[in-house]
>>> print(open('coords-v6.cif').read())   # mmCIF, N, CA and C atoms
data_final
#
loop_
_atom_site.label_atom_id
_atom_site.label_comp_id
_atom_site.auth_asym_id
_atom_site.auth_seq_id
_atom_site.Cartn_x
_atom_site.Cartn_y
_atom_site.Cartn_z
N MET A 1324 16.27 2.04 -22.04
CA MET A 1324 15.76 2.68 -20.85
C MET A 1324 16.39 2.05 -19.62
N ALA A 1325 16.92 2.85 -18.75
CA ALA A 1325 17.57 2.36 -17.54
C ALA A 1325 16.55 1.68 -16.61
N GLU A 1326 17.02 0.67 -15.90
CA GLU A 1326 16.22 -0.04 -14.93
C GLU A 1326 17.03 -0.20 -13.65
N ILE A 1327 16.33 -0.21 -12.53
CA ILE A 1327 16.99 -0.48 -11.25
C ILE A 1327 16.36 -1.74 -10.67
N THR A 1328 17.23 -2.69 -10.30
CA THR A 1328 16.75 -3.93 -9.71
C THR A 1328 17.58 -4.25 -8.47
N ARG A 1329 17.05 -5.15 -7.68
CA ARG A 1329 17.78 -5.65 -6.52
C ARG A 1329 18.19 -7.08 -6.82
N GLU A 1330 19.50 -7.33 -6.75
CA GLU A 1330 20.04 -8.68 -6.98
C GLU A 1330 20.85 -9.07 -5.77
N GLY A 1331 20.27 -9.91 -4.94
CA GLY A 1331 20.95 -10.34 -3.72
C GLY A 1331 21.18 -9.15 -2.80
N ASN A 1332 22.44 -8.88 -2.47
CA ASN A 1332 22.78 -7.77 -1.58
C ASN A 1332 23.23 -6.53 -2.34
N GLU A 1333 22.82 -6.42 -3.61
CA GLU A 1333 23.22 -5.28 -4.42
C GLU A 1333 22.02 -4.64 -5.12
N ILE A 1334 22.16 -3.34 -5.36
CA ILE A 1334 21.25 -2.63 -6.25
C ILE A 1334 21.99 -2.51 -7.56
N VAL A 1335 21.31 -2.85 -8.66
CA VAL A 1335 21.94 -2.81 -9.98
C VAL A 1335 21.18 -1.83 -10.87
N LEU A 1336 21.91 -0.85 -11.39
CA LEU A 1336 21.37 0.08 -12.38
C LEU A 1336 21.76 -0.49 -13.74
N LYS A 1337 20.77 -1.03 -14.46
CA LYS A 1337 21.01 -1.65 -15.76
C LYS A 1337 20.76 -0.63 -16.85
N LEU A 1338 21.74 -0.45 -17.71
CA LEU A 1338 21.66 0.52 -18.80
C LEU A 1338 21.43 -0.20 -20.12
N SER A 1339 20.68 0.43 -21.02
CA SER A 1339 20.51 -0.12 -22.36
C SER A 1339 21.83 0.07 -23.12
N THR A 1340 21.94 -0.53 -24.28
CA THR A 1340 23.16 -0.40 -25.07
C THR A 1340 23.45 1.06 -25.41
N GLY A 1341 22.44 1.79 -25.84
CA GLY A 1341 22.62 3.20 -26.16
C GLY A 1341 23.04 4.02 -24.96
N GLU A 1342 22.45 3.73 -23.81
CA GLU A 1342 22.82 4.44 -22.58
C GLU A 1342 24.25 4.11 -22.17
N ARG A 1343 24.66 2.88 -22.35
CA ARG A 1343 26.05 2.50 -22.04
C ARG A 1343 27.03 3.28 -22.91
N ILE A 1344 26.69 3.43 -24.18
CA ILE A 1344 27.56 4.18 -25.08
C ILE A 1344 27.64 5.64 -24.66
N MET A 1345 26.48 6.25 -24.36
CA MET A 1345 26.49 7.67 -23.94
C MET A 1345 27.17 7.86 -22.60
N ALA A 1346 26.98 6.92 -21.68
CA ALA A 1346 27.55 7.05 -20.34
C ALA A 1346 29.02 6.65 -20.28
N VAL A 1347 29.49 5.96 -21.31
CA VAL A 1347 30.84 5.40 -21.32
C VAL A 1347 31.03 4.58 -20.03
N HIS A 1348 30.05 3.72 -19.77
CA HIS A 1348 30.03 2.99 -18.51
C HIS A 1348 29.16 1.75 -18.67
N ARG A 1349 29.48 0.72 -17.93
CA ARG A 1349 28.62 -0.46 -17.88
C ARG A 1349 27.59 -0.29 -16.78
N ASP A 1350 26.84 -1.34 -16.49
CA ASP A 1350 25.86 -1.29 -15.41
C ASP A 1350 26.54 -0.90 -14.10
N VAL A 1351 25.80 -0.21 -13.24
CA VAL A 1351 26.34 0.24 -11.96
C VAL A 1351 25.80 -0.67 -10.86
N ARG A 1352 26.70 -1.16 -10.02
CA ARG A 1352 26.32 -2.03 -8.90
C ARG A 1352 26.78 -1.39 -7.59
N VAL A 1353 25.87 -1.33 -6.62
CA VAL A 1353 26.22 -0.79 -5.31
C VAL A 1353 25.64 -1.72 -4.23
N PRO A 1354 26.35 -1.90 -3.14
CA PRO A 1354 25.83 -2.75 -2.06
C PRO A 1354 24.63 -2.08 -1.38
N ILE A 1355 23.66 -2.88 -1.02
CA ILE A 1355 22.46 -2.36 -0.34
C ILE A 1355 22.85 -1.67 0.97
N SER A 1356 23.89 -2.17 1.61
CA SER A 1356 24.32 -1.59 2.89
C SER A 1356 24.77 -0.14 2.75
N SER A 1357 25.11 0.31 1.55
CA SER A 1357 25.57 1.69 1.37
C SER A 1357 24.42 2.67 1.09
N VAL A 1358 23.20 2.16 0.93
CA VAL A 1358 22.05 3.02 0.62
C VAL A 1358 21.60 3.78 1.87
N GLN A 1359 21.61 5.10 1.78
CA GLN A 1359 21.15 5.96 2.88
C GLN A 1359 19.67 6.31 2.71
N SER A 1360 19.28 6.63 1.47
CA SER A 1360 17.88 6.98 1.22
C SER A 1360 17.55 6.75 -0.25
N VAL A 1361 16.26 6.52 -0.50
CA VAL A 1361 15.73 6.37 -1.85
C VAL A 1361 14.54 7.31 -1.95
N ASP A 1362 14.63 8.30 -2.82
CA ASP A 1362 13.57 9.30 -2.94
C ASP A 1362 13.04 9.37 -4.36
N VAL A 1363 11.71 9.43 -4.49
CA VAL A 1363 11.09 9.65 -5.78
C VAL A 1363 11.16 11.15 -6.04
N VAL A 1364 11.62 11.51 -7.24
CA VAL A 1364 11.77 12.93 -7.59
C VAL A 1364 11.04 13.23 -8.89
N ASP A 1365 10.46 14.41 -8.95
CA ASP A 1365 9.88 14.91 -10.19
C ASP A 1365 10.98 15.60 -10.97
N GLU A 1366 10.95 15.45 -12.28
CA GLU A 1366 11.93 16.05 -13.18
C GLU A 1366 13.38 15.79 -12.73
N PRO A 1367 13.80 14.54 -12.77
CA PRO A 1367 15.16 14.22 -12.33
C PRO A 1367 16.25 14.96 -13.13
N ILE A 1368 15.95 15.40 -14.35
CA ILE A 1368 16.93 16.16 -15.12
C ILE A 1368 17.29 17.45 -14.40
N ARG A 1369 16.38 17.98 -13.61
CA ARG A 1369 16.65 19.22 -12.85
C ARG A 1369 17.71 19.00 -11.76
N ARG A 1370 17.88 17.75 -11.32
CA ARG A 1370 18.91 17.43 -10.32
C ARG A 1370 20.31 17.52 -10.92
N ILE A 1371 20.38 17.48 -12.25
CA ILE A 1371 21.67 17.51 -12.94
C ILE A 1371 21.97 18.91 -13.46
N GLN A 1372 20.92 19.66 -13.81
CA GLN A 1372 21.14 21.00 -14.35
C GLN A 1372 21.90 21.85 -13.36
N GLY A 1373 22.72 22.73 -13.89
CA GLY A 1373 23.52 23.58 -13.03
C GLY A 1373 24.87 22.97 -12.69
N LEU A 1374 25.19 21.84 -13.30
CA LEU A 1374 26.48 21.22 -13.03
C LEU A 1374 27.65 22.03 -13.59
N LYS A 1375 27.40 22.89 -14.56
CA LYS A 1375 28.46 23.71 -15.14
C LYS A 1375 28.38 25.10 -14.53
N PRO A 1376 29.44 25.84 -14.33
CA PRO A 1376 30.83 25.46 -14.47
C PRO A 1376 31.43 24.92 -13.17
N ARG A 1377 30.74 25.06 -12.05
CA ARG A 1377 31.30 24.63 -10.77
C ARG A 1377 31.52 23.12 -10.73
N ASN A 1378 30.64 22.40 -11.35
CA ASN A 1378 30.72 20.94 -11.38
C ASN A 1378 30.99 20.52 -12.82
N PHE A 1379 31.45 19.32 -13.00
CA PHE A 1379 31.76 18.92 -14.36
C PHE A 1379 31.56 17.44 -14.59
N LYS A 1380 31.46 17.11 -15.87
CA LYS A 1380 31.29 15.73 -16.31
C LYS A 1380 32.64 15.03 -16.25
N VAL A 1381 32.68 13.85 -15.68
CA VAL A 1381 33.89 13.05 -15.65
C VAL A 1381 33.94 12.19 -16.91
N ALA A 1382 32.86 11.49 -17.20
CA ALA A 1382 32.75 10.69 -18.42
C ALA A 1382 31.28 10.50 -18.74
N GLY A 1383 30.93 10.66 -20.02
CA GLY A 1383 29.55 10.44 -20.41
C GLY A 1383 29.03 11.53 -21.31
N GLY A 1384 27.72 11.51 -21.50
CA GLY A 1384 27.05 12.47 -22.35
C GLY A 1384 26.17 13.41 -21.55
N TYR A 1385 26.20 14.69 -21.93
CA TYR A 1385 25.42 15.69 -21.18
C TYR A 1385 24.99 16.80 -22.12
N TRP A 1386 23.70 17.03 -22.19
CA TRP A 1386 23.15 18.16 -22.91
C TRP A 1386 22.18 18.81 -21.94
N PRO A 1387 22.55 19.98 -21.39
CA PRO A 1387 21.74 20.62 -20.34
C PRO A 1387 20.26 20.71 -20.70
N GLY A 1388 19.44 20.23 -19.79
CA GLY A 1388 18.00 20.28 -19.96
C GLY A 1388 17.43 19.13 -20.77
N TRP A 1389 18.27 18.33 -21.43
CA TRP A 1389 17.80 17.24 -22.27
C TRP A 1389 18.17 15.87 -21.73
N PHE A 1390 19.45 15.63 -21.47
CA PHE A 1390 19.85 14.33 -20.95
C PHE A 1390 21.19 14.43 -20.24
N ALA A 1391 21.44 13.46 -19.36
CA ALA A 1391 22.73 13.31 -18.68
C ALA A 1391 22.93 11.83 -18.41
N TYR A 1392 23.99 11.28 -18.99
CA TYR A 1392 24.33 9.88 -18.79
C TYR A 1392 25.81 9.79 -18.45
N GLY A 1393 26.13 9.25 -17.29
CA GLY A 1393 27.52 9.05 -16.95
C GLY A 1393 27.89 9.53 -15.56
N SER A 1394 29.19 9.69 -15.35
CA SER A 1394 29.75 10.10 -14.06
C SER A 1394 29.96 11.60 -14.06
N PHE A 1395 29.56 12.24 -12.98
CA PHE A 1395 29.71 13.68 -12.81
C PHE A 1395 30.36 13.94 -11.46
N PHE A 1396 31.09 15.04 -11.37
CA PHE A 1396 31.70 15.45 -10.12
C PHE A 1396 30.92 16.63 -9.58
N ASP A 1397 30.35 16.47 -8.40
CA ASP A 1397 29.59 17.54 -7.75
C ASP A 1397 30.56 18.35 -6.90
N GLY A 1398 31.05 19.45 -7.44
CA GLY A 1398 32.07 20.25 -6.78
C GLY A 1398 31.61 20.90 -5.49
N SER A 1399 30.29 21.10 -5.33
CA SER A 1399 29.80 21.75 -4.12
C SER A 1399 30.00 20.88 -2.89
N VAL A 1400 30.01 19.56 -3.08
CA VAL A 1400 30.21 18.65 -1.95
C VAL A 1400 31.43 17.76 -2.15
N GLY A 1401 32.11 17.90 -3.28
CA GLY A 1401 33.32 17.13 -3.53
C GLY A 1401 33.10 15.65 -3.70
N GLN A 1402 31.97 15.27 -4.31
CA GLN A 1402 31.65 13.85 -4.49
C GLN A 1402 31.20 13.58 -5.91
N ARG A 1403 31.27 12.30 -6.30
CA ARG A 1403 30.83 11.89 -7.63
C ARG A 1403 29.39 11.40 -7.58
N LEU A 1404 28.68 11.62 -8.69
CA LEU A 1404 27.34 11.08 -8.83
C LEU A 1404 27.25 10.41 -10.20
N PHE A 1405 26.30 9.49 -10.32
CA PHE A 1405 26.05 8.84 -11.60
C PHE A 1405 24.63 9.16 -12.01
N ALA A 1406 24.47 9.58 -13.26
CA ALA A 1406 23.16 9.95 -13.78
C ALA A 1406 22.80 9.14 -15.00
N ALA A 1407 21.53 8.78 -15.09
CA ALA A 1407 20.94 8.18 -16.28
C ALA A 1407 19.56 8.81 -16.41
N VAL A 1408 19.55 10.07 -16.87
CA VAL A 1408 18.29 10.82 -16.92
C VAL A 1408 18.09 11.46 -18.29
N ASN A 1409 16.81 11.59 -18.64
CA ASN A 1409 16.44 12.35 -19.83
C ASN A 1409 15.12 13.04 -19.58
N ARG A 1410 14.87 14.08 -20.30
CA ARG A 1410 13.70 14.90 -20.01
C ARG A 1410 12.40 14.26 -20.44
N ARG A 1411 12.45 13.20 -21.24
CA ARG A 1411 11.23 12.51 -21.66
C ARG A 1411 10.57 11.75 -20.51
N LYS A 1412 11.32 11.45 -19.48
CA LYS A 1412 10.78 10.74 -18.31
C LYS A 1412 10.59 11.76 -17.19
N PRO A 1413 9.35 12.09 -16.85
CA PRO A 1413 9.11 13.17 -15.89
C PRO A 1413 9.40 12.83 -14.42
N ARG A 1414 9.59 11.55 -14.12
CA ARG A 1414 9.84 11.15 -12.73
C ARG A 1414 11.00 10.17 -12.67
N GLY A 1415 11.55 10.04 -11.47
CA GLY A 1415 12.65 9.11 -11.30
C GLY A 1415 13.01 8.92 -9.84
N LEU A 1416 14.19 8.35 -9.61
CA LEU A 1416 14.69 8.11 -8.26
C LEU A 1416 16.02 8.81 -8.05
N GLU A 1417 16.22 9.27 -6.84
CA GLU A 1417 17.52 9.75 -6.39
C GLU A 1417 17.90 8.88 -5.21
N ILE A 1418 18.97 8.12 -5.38
CA ILE A 1418 19.44 7.21 -4.35
C ILE A 1418 20.70 7.79 -3.75
N THR A 1419 20.67 8.09 -2.46
CA THR A 1419 21.82 8.64 -1.75
C THR A 1419 22.60 7.49 -1.14
N LEU A 1420 23.91 7.51 -1.36
CA LEU A 1420 24.77 6.40 -0.93
C LEU A 1420 25.86 6.89 0.01
N ASP A 1421 26.37 5.98 0.83
CA ASP A 1421 27.48 6.28 1.72
C ASP A 1421 28.48 5.13 1.63
N GLY A 1422 29.73 5.47 1.38
CA GLY A 1422 30.76 4.45 1.31
C GLY A 1422 30.82 3.71 -0.01
N ALA A 1423 30.19 4.24 -1.05
CA ALA A 1423 30.22 3.63 -2.37
C ALA A 1423 31.02 4.54 -3.32
N LYS A 1424 31.25 4.07 -4.53
CA LYS A 1424 32.00 4.86 -5.53
C LYS A 1424 31.30 6.18 -5.82
N TYR A 1425 29.98 6.17 -5.84
CA TYR A 1425 29.19 7.37 -6.10
C TYR A 1425 28.43 7.78 -4.85
N ALA A 1426 28.25 9.08 -4.67
CA ALA A 1426 27.47 9.60 -3.54
C ALA A 1426 25.98 9.55 -3.83
N ARG A 1427 25.64 9.65 -5.12
CA ARG A 1427 24.22 9.61 -5.53
C ARG A 1427 24.08 8.93 -6.88
N LEU A 1428 22.93 8.26 -7.05
CA LEU A 1428 22.49 7.76 -8.34
C LEU A 1428 21.20 8.50 -8.66
N ILE A 1429 21.12 9.09 -9.83
CA ILE A 1429 19.91 9.80 -10.25
C ILE A 1429 19.46 9.17 -11.56
N VAL A 1430 18.22 8.64 -11.57
CA VAL A 1430 17.75 7.84 -12.70
C VAL A 1430 16.32 8.20 -13.08
N SER A 1431 16.06 8.40 -14.36
CA SER A 1431 14.70 8.57 -14.88
C SER A 1431 14.06 7.19 -15.02
N LEU A 1432 12.83 7.06 -14.54
CA LEU A 1432 12.13 5.77 -14.59
C LEU A 1432 10.66 5.97 -14.95
N ASP A 1433 10.04 4.94 -15.53
CA ASP A 1433 8.61 4.99 -15.83
C ASP A 1433 7.77 4.87 -14.57
N HIS A 1434 8.17 3.99 -13.63
CA HIS A 1434 7.38 3.72 -12.43
C HIS A 1434 8.28 3.78 -11.19
N PRO A 1435 8.73 4.97 -10.80
CA PRO A 1435 9.67 5.05 -9.68
C PRO A 1435 9.10 4.60 -8.34
N ASP A 1436 7.80 4.78 -8.13
CA ASP A 1436 7.20 4.36 -6.85
C ASP A 1436 7.29 2.85 -6.68
N ALA A 1437 7.02 2.11 -7.74
CA ALA A 1437 7.10 0.64 -7.69
C ALA A 1437 8.53 0.18 -7.47
N VAL A 1438 9.50 0.86 -8.11
CA VAL A 1438 10.89 0.49 -7.94
C VAL A 1438 11.35 0.78 -6.52
N LYS A 1439 10.93 1.92 -5.97
CA LYS A 1439 11.29 2.26 -4.59
C LYS A 1439 10.75 1.20 -3.62
N THR A 1440 9.52 0.77 -3.82
CA THR A 1440 8.92 -0.26 -2.99
C THR A 1440 9.70 -1.58 -3.10
N ALA A 1441 10.10 -1.94 -4.32
CA ALA A 1441 10.84 -3.18 -4.52
C ALA A 1441 12.22 -3.12 -3.87
N LEU A 1442 12.85 -1.96 -3.89
CA LEU A 1442 14.17 -1.83 -3.27
C LEU A 1442 14.09 -1.86 -1.75
N SER A 1443 12.98 -1.42 -1.22
CA SER A 1443 12.81 -1.36 0.24
C SER A 1443 12.44 -2.71 0.83
N ALA A 1444 11.99 -3.63 -0.01
CA ALA A 1444 11.54 -4.94 0.49
C ALA A 1444 12.68 -5.79 0.97
#
>>> encode(input="coords-v6.cif", output="structure tokens")
Amino acid sequence: MAEITREGNEIVLKLSTGERIMAVHRDVRVPISSVQSVDVVDEPIRRIQGLKPRNFKVAGGYWPGWFAYGSFFDGSVGQRLFAAVNRRKPRGLEITLDGAKYARLIVSLDHPDAVKTALSA
């Protein structure tokens, strides 16, 4: 299960071994200074649905409506996003970034409100 933590001046998205394999990616690190907003979202998998055919997967695993792990290209805005979401987790976070490798991080979490509070501290 993915976790988001704050380590010094960075936000770290920690992936489990299985998630790393599906995402074809290691943990994601972004500087806190690049965070524009942190929003709690219901059904984070819905933020990924509709990526085909206009948008596409760069690397990772994607089964529409079930899970999305990895890097995706959002063709509507010409930016990359990173997802670690599955439909078993009904809530999560959407972190909007500026000046980082990804424009957005979308993550399914058990307690997104607590994580948002911890990131804001």
>>> residues_around(input="coords-v6.cif", residues="Glu1417 of chain A", least_positions_apart="2", cutoff="6 Å", atoms="only C-alpha atoms", output="list in words")
Val1361, Asp1362, Leu1428 and Ile1429 of chain A
>>> residues_around(input="coords-v6.cif", residues="Ile1344 of chain A", least_positions_apart="5", cutoff="9 Å", atoms="only C-alpha atoms", output="list in words")
Ser1339, Arg1349, Gly1383 and Gly1384 of chain A
>>> resolve_selection(input="coords-v6.cif", expression="the PyMOL selection byres ((chain A and resi 1427) around 5)", output="VMD selection string")
chain A and resid 1403 to 1405 1418 to 1420 1425 to 1426 1428 to 1429
>>> axis_aligned_box(input="coords-v6.cif", around="segment 1397-1414 of chain A", padding_each_side="4 Å", output="JSON")
{"center_x": 21.2, "center_y": 15.0, "center_z": -11.8, "size_x": 32.2, "size_y": 21.6, "size_z": 27.7}
>>> select_by_dssp(input="coords-v6.cif", residues="chain A", states="strand (DSSP E or B)", output="ChimeraX atom specification")
/A:1326-1330,1333-1337,1351-1354,1358-1365,1379-1386,1390-1397,1402-1409,1414-1420,1427-1431
>>> residues_around(input="coords-v6.cif", residues="Trp1389 of chain A", least_positions_apart="4", cutoff="7 Å", atoms="only N, CA and C atoms", output="list in words")
Ile1368, Tyr1385, Val1408, Asn1409, Arg1410 and Arg1411 of chain A
>>> residues_around(input="coords-v6.cif", residues="Glu1326 of chain A", least_positions_apart="4", cutoff="8 Å", atoms="only N, CA and C atoms", output="PyMOL selection string")
chain A and resi 1335-1339+1430-1433
